Amino acid sequence: MTGFSRRGFLGLLGGAAAMTVLAGCGPRGQTGVELASRASLPEAFRVPLPVPPIARPVGVDPSGAQLYRITQRVGQAEILPGLRTPILGYDGIFPGPTFESRSGRPIVVRHRNELPVPTVAHLHGGHTPPESDGWPLDLVLPVDDPGGWMQHGSMVGDVVKGEREHRYPLAQRAATLWYHDHRMDFTAPAVYRGLAGFHIVRDDVEDALPLPRGDRELPLMIVDRAFNADGSFAYPGLDQAMRSLPGVEDNWMEGVLGDVALVNGAPWPVHDVDAARYRLRILNASNARRYGLALTVPGGPALPLVQIGSDGGLLAAPIEHQSIETAPGERFDVIVDFAVVPVGTEVTLVNQLGTGRMAEIMKFRVVRAAKDDSAVPPRLADVEPLVPAAGATLRTFQFTRGKVGRHAGWTINGTSFDPDRSIADIPLGQTEIWRFVSDVHHPVHVHLDAFQVLGRGGREPGPYDAGWKDTVDLPPAEILEVAVRFTDHTGRFVLHCHNLEHEDMAMMATIRTV
C-alpha cells in the first residue's frame, strides 16, 4: 500500500473536509452525539438475556426453495421494566426472528408490510442478485397504503404494495449475516425502532469443526438506544412519522448515540453460563456507536476473546484479542472459555469506548461446572487471498461532509446519492484495489461481495481486519485500501457509510457490476 504524509492526506481530502478532520469527533472514539433518556433506567444486570426465536419455513416454493414469511408490523415490548415500547418489528418483535440457512441451499423470504410506513429489506452480507438485495428505492408500501410517500423526484424504484419476495441463493460461506431495513432516507429511524434481525448461514466446513454449539452458541445484537419518559424510543428525526422529510435535527447530524445498552433487545442483561467454552456471534447493530469490547473479571485479567470469524465467515486461523473494537454493521465471531475462572465468577462485557452507563454492556455469571468437548483448532478454514494483479484498477472513494442540495449532509467523492448515476462500473471476476479516505469515523459497507483489507495508512492491516469483510471501520484522517472482486450477479448495487444518520443524509453511491 502506498504511504501518505499528513500534508498529502489533507490535500487529498480538500480544504473543507480537512477542517472537519482537524476539528475532531464525538466523545471517546465516536462520531455522534449522545441523546439522554427521559425515562427512569433500570439497574444493570437484572434482566435475563433473551435469545431471538428461530424463523421456520412455511413451505416450499415452485423452484424447490424453502419459503419463509415475515410480517413487518407494529409491536409492543417491555424493554424498560414497567414501560411499554412501541416497536417496528419483523413479526412484531425486536430483534426479529433469526434465520438459519445452509450454504448453497436457496431460500425465499416473503416480506409483508403491515407497518404504517414503506420498507425495504436488505440481507447484510448476502451474496444476493440486485432484484433481491434491497435497493433503497424498491419500496414495499403498506398493505393499507395511505399514499403521499416521498417520491425523490425522478428517482423511482420497483415499488410494490403489500408484499415482496426476496430470493437468496446463499452461494456463500458460512457466516453471521443480518437483515435490516434499507429504505432510502429513512434507514436510521427504521432500524432504531426495531427493524433488524440475525441471519446465520451454516456449511459443512464449519459443521466439521469442534466449536461450541447449541445453547453455548449465542447471537448477541448490541445496540444503544434512548427512551422517552413513556418508554418509547427517543429519536431526533425531523419527521417522526417517517413520511417525507428525511434526516435528524442539526445537533445529531454526526450520528445518534443512545445512553442505554441493549443486547438482543434487553437493557444491560445477564446470562448464566456453564464453566465451558461459548461461541459469541457479536453484531454491532447500532446506528452510529463504536464499541471497545472486553470481558473483565473482578481482581483478575480480562478473559481472551478468541476470534474465529469475521463478517464473511471463518478466518484461516484463530486470533486472540484482549479487546475488540467494532463499528456499526461489523460482526465478530469469538470463542470465550468461561472454564478459566472459578464457578461463581461474574464476567462483565465492558465497552472501553463508553462512558457512564455505556461503559458496560452485559454480564455473564458462571454458575456450574460442566463437561465440555469443544475445542478451537489451530486451523479453521481455507481463505482465498485476494491478490490484485500488477496494474490492477485503483479507485478512490472519499467519505466527507458536504452539501446535499442546499443543506449540510454527507457525501462520497463530493456527491450525494444518485441512484441513476454509477460512480464505478466493475467487471465481474476482476480484482480491484479500492481506497477509502475519511474525514471522521465512517464504517464503510459494500453490497454484493466481501473484500479483504490490504493496509491502513501505508501500513499493515489492523488487528480487527482479518478475513473477509463487508463492513470496515474507517477512523478519522485515515486512508484504507481493500481488495475487492465481484462475482455472479450483474446490476446496480450500493456502497455506503453504515453510520445510519450519514447514510440517510446521502452518504451512499451507486455501483454497477457488468
# chains A, B, ... in the order shown; residues from 1 in each chain; ligands from 1

call {"tool": "select_by_dssp", "arguments": {"residues": "range 100-187 of chain A", "states": "strand (DSSP E)", "output": "PyMOL selection string"}}
result
chain A and resi 100-102+107-113+121-124+140-141+160-161+163-168+175-181

call {"tool": "write_last_selection", "arguments": {"atoms": "C-alpha atoms", "output": "short mmCIF file (atom, residue, chain, number, x, y, z; two decimals), in the first residue's frame"}}
result
data_model
loop_
_atom_site.label_atom_id
_atom_site.label_comp_id
_atom_site.auth_asym_id
_atom_site.auth_seq_id
_atom_site.Cartn_x
_atom_site.Cartn_y
_atom_site.Cartn_z
CA GLU A 100 -30.65 -20.35 10.00
CA SER A 101 -29.87 -21.44 6.45
CA ARG A 102 -27.39 -23.69 4.60
CA ILE A 107 -34.45 -19.78 0.26
CA VAL A 108 -37.29 -17.37 -0.46
CA VAL A 109 -38.41 -14.84 2.15
CA ARG A 110 -41.77 -13.18 1.56
CA HIS A 111 -41.96 -9.89 3.44
CA ARG A 112 -45.42 -8.48 4.13
CA ASN A 113 -45.63 -4.84 5.21
CA ALA A 121 -35.46 -5.42 3.37
CA HIS A 122 -31.70 -5.92 2.93
CA LEU A 123 -29.72 -9.06 3.80
CA HIS A 124 -26.47 -7.50 5.03
CA VAL A 140 -42.83 -2.20 -0.23
CA LEU A 141 -45.75 0.10 0.53
CA VAL A 160 -44.95 -2.75 -4.84
CA LYS A 161 -47.82 -2.72 -2.42
CA GLU A 163 -45.58 -7.90 -0.19
CA ARG A 164 -42.30 -8.71 -1.90
CA GLU A 165 -40.37 -11.94 -2.34
CA HIS A 166 -36.62 -11.95 -1.79
CA ARG A 167 -34.74 -14.87 -3.33
CA TYR A 168 -31.46 -15.66 -1.63
CA ALA A 175 -21.17 -16.58 8.21
CA THR A 176 -23.09 -14.34 10.60
CA LEU A 177 -25.30 -12.11 8.44
CA TRP A 178 -28.10 -9.82 9.50
CA TYR A 179 -31.13 -8.30 7.85
CA HIS A 180 -32.49 -4.82 8.35
CA ASP A 181 -34.49 -2.04 6.74
#

call {"tool": "residues_around", "arguments": {"residues": "Gly467 in chain A", "least_positions_apart": "2", "cutoff": "7 Å", "atoms": "only C-alpha atoms", "output": "PyMOL selection string"}}
result
chain A and resi 310+315+452+465+469

call {"tool": "write_last_selection", "arguments": {"atoms": "N, CA and C atoms", "output": "mmCIF file, in the first residue's frame"}}
result
data_model
loop_
_atom_site.group_PDB
_atom_site.id
_atom_site.type_symbol
_atom_site.label_atom_id
_atom_site.label_comp_id
_atom_site.auth_asym_id
_atom_site.auth_seq_id
_atom_site.Cartn_x
_atom_site.Cartn_y
_atom_site.Cartn_z
ATOM 1 N N SER A 310 -15.181 -13.418 10.924
ATOM 2 C CA SER A 310 -15.446 -12.009 10.668
ATOM 3 C C SER A 310 -16.756 -11.896 9.902
ATOM 4 N N LEU A 315 -12.193 -17.374 9.801
ATOM 5 C CA LEU A 315 -10.827 -16.996 9.486
ATOM 6 C C LEU A 315 -10.029 -18.247 9.138
ATOM 7 N N GLN A 452 -11.181 -7.864 1.153
ATOM 8 C CA GLN A 452 -10.098 -8.097 2.105
ATOM 9 C C GLN A 452 -9.281 -6.821 2.271
ATOM 10 N N ASP A 465 -8.962 -6.594 11.184
ATOM 11 C CA ASP A 465 -9.236 -6.575 9.744
ATOM 12 C C ASP A 465 -9.153 -7.944 9.084
ATOM 13 N N LYS A 469 -14.319 -9.237 4.814
ATOM 14 C CA LYS A 469 -15.086 -8.162 5.432
ATOM 15 C C LYS A 469 -16.105 -7.626 4.429
#

call {"tool": "closest_residue", "arguments": {"among": "A:Gln172, A:Ser132, A:Thr119, A:Gln72", "to": "Asp449 in chain A", "atoms": "only C-alpha atoms"}}
result
A:Gln172

call {"tool": "closest_residue", "arguments": {"among": "A:Phe186, A:Phe198, A:Phe233, A:Phe486", "to": "Leu245 in chain A", "atoms": "only C-alpha atoms"}}
result
A:Phe186

call {"tool": "residues_around", "arguments": {"residues": "Trp410 in chain A", "least_positions_apart": "3", "cutoff": "9 Å", "atoms": "only C-alpha atoms", "output": "list in words"}}
result
Phe399, Thr400, Arg401, Gly402, Lys403, Val404, Gly414, Thr415, Ser416, His502, Glu503, Asp504, Met505, Ala506, Met507 and Met508 of chain A

call {"tool": "closest_residue", "arguments": {"among": "A:Glu346, A:Ala188, A:Pro269, A:Val205", "to": "Leu238 in chain A", "atoms": "only C-alpha atoms"}}
result
A:Ala188
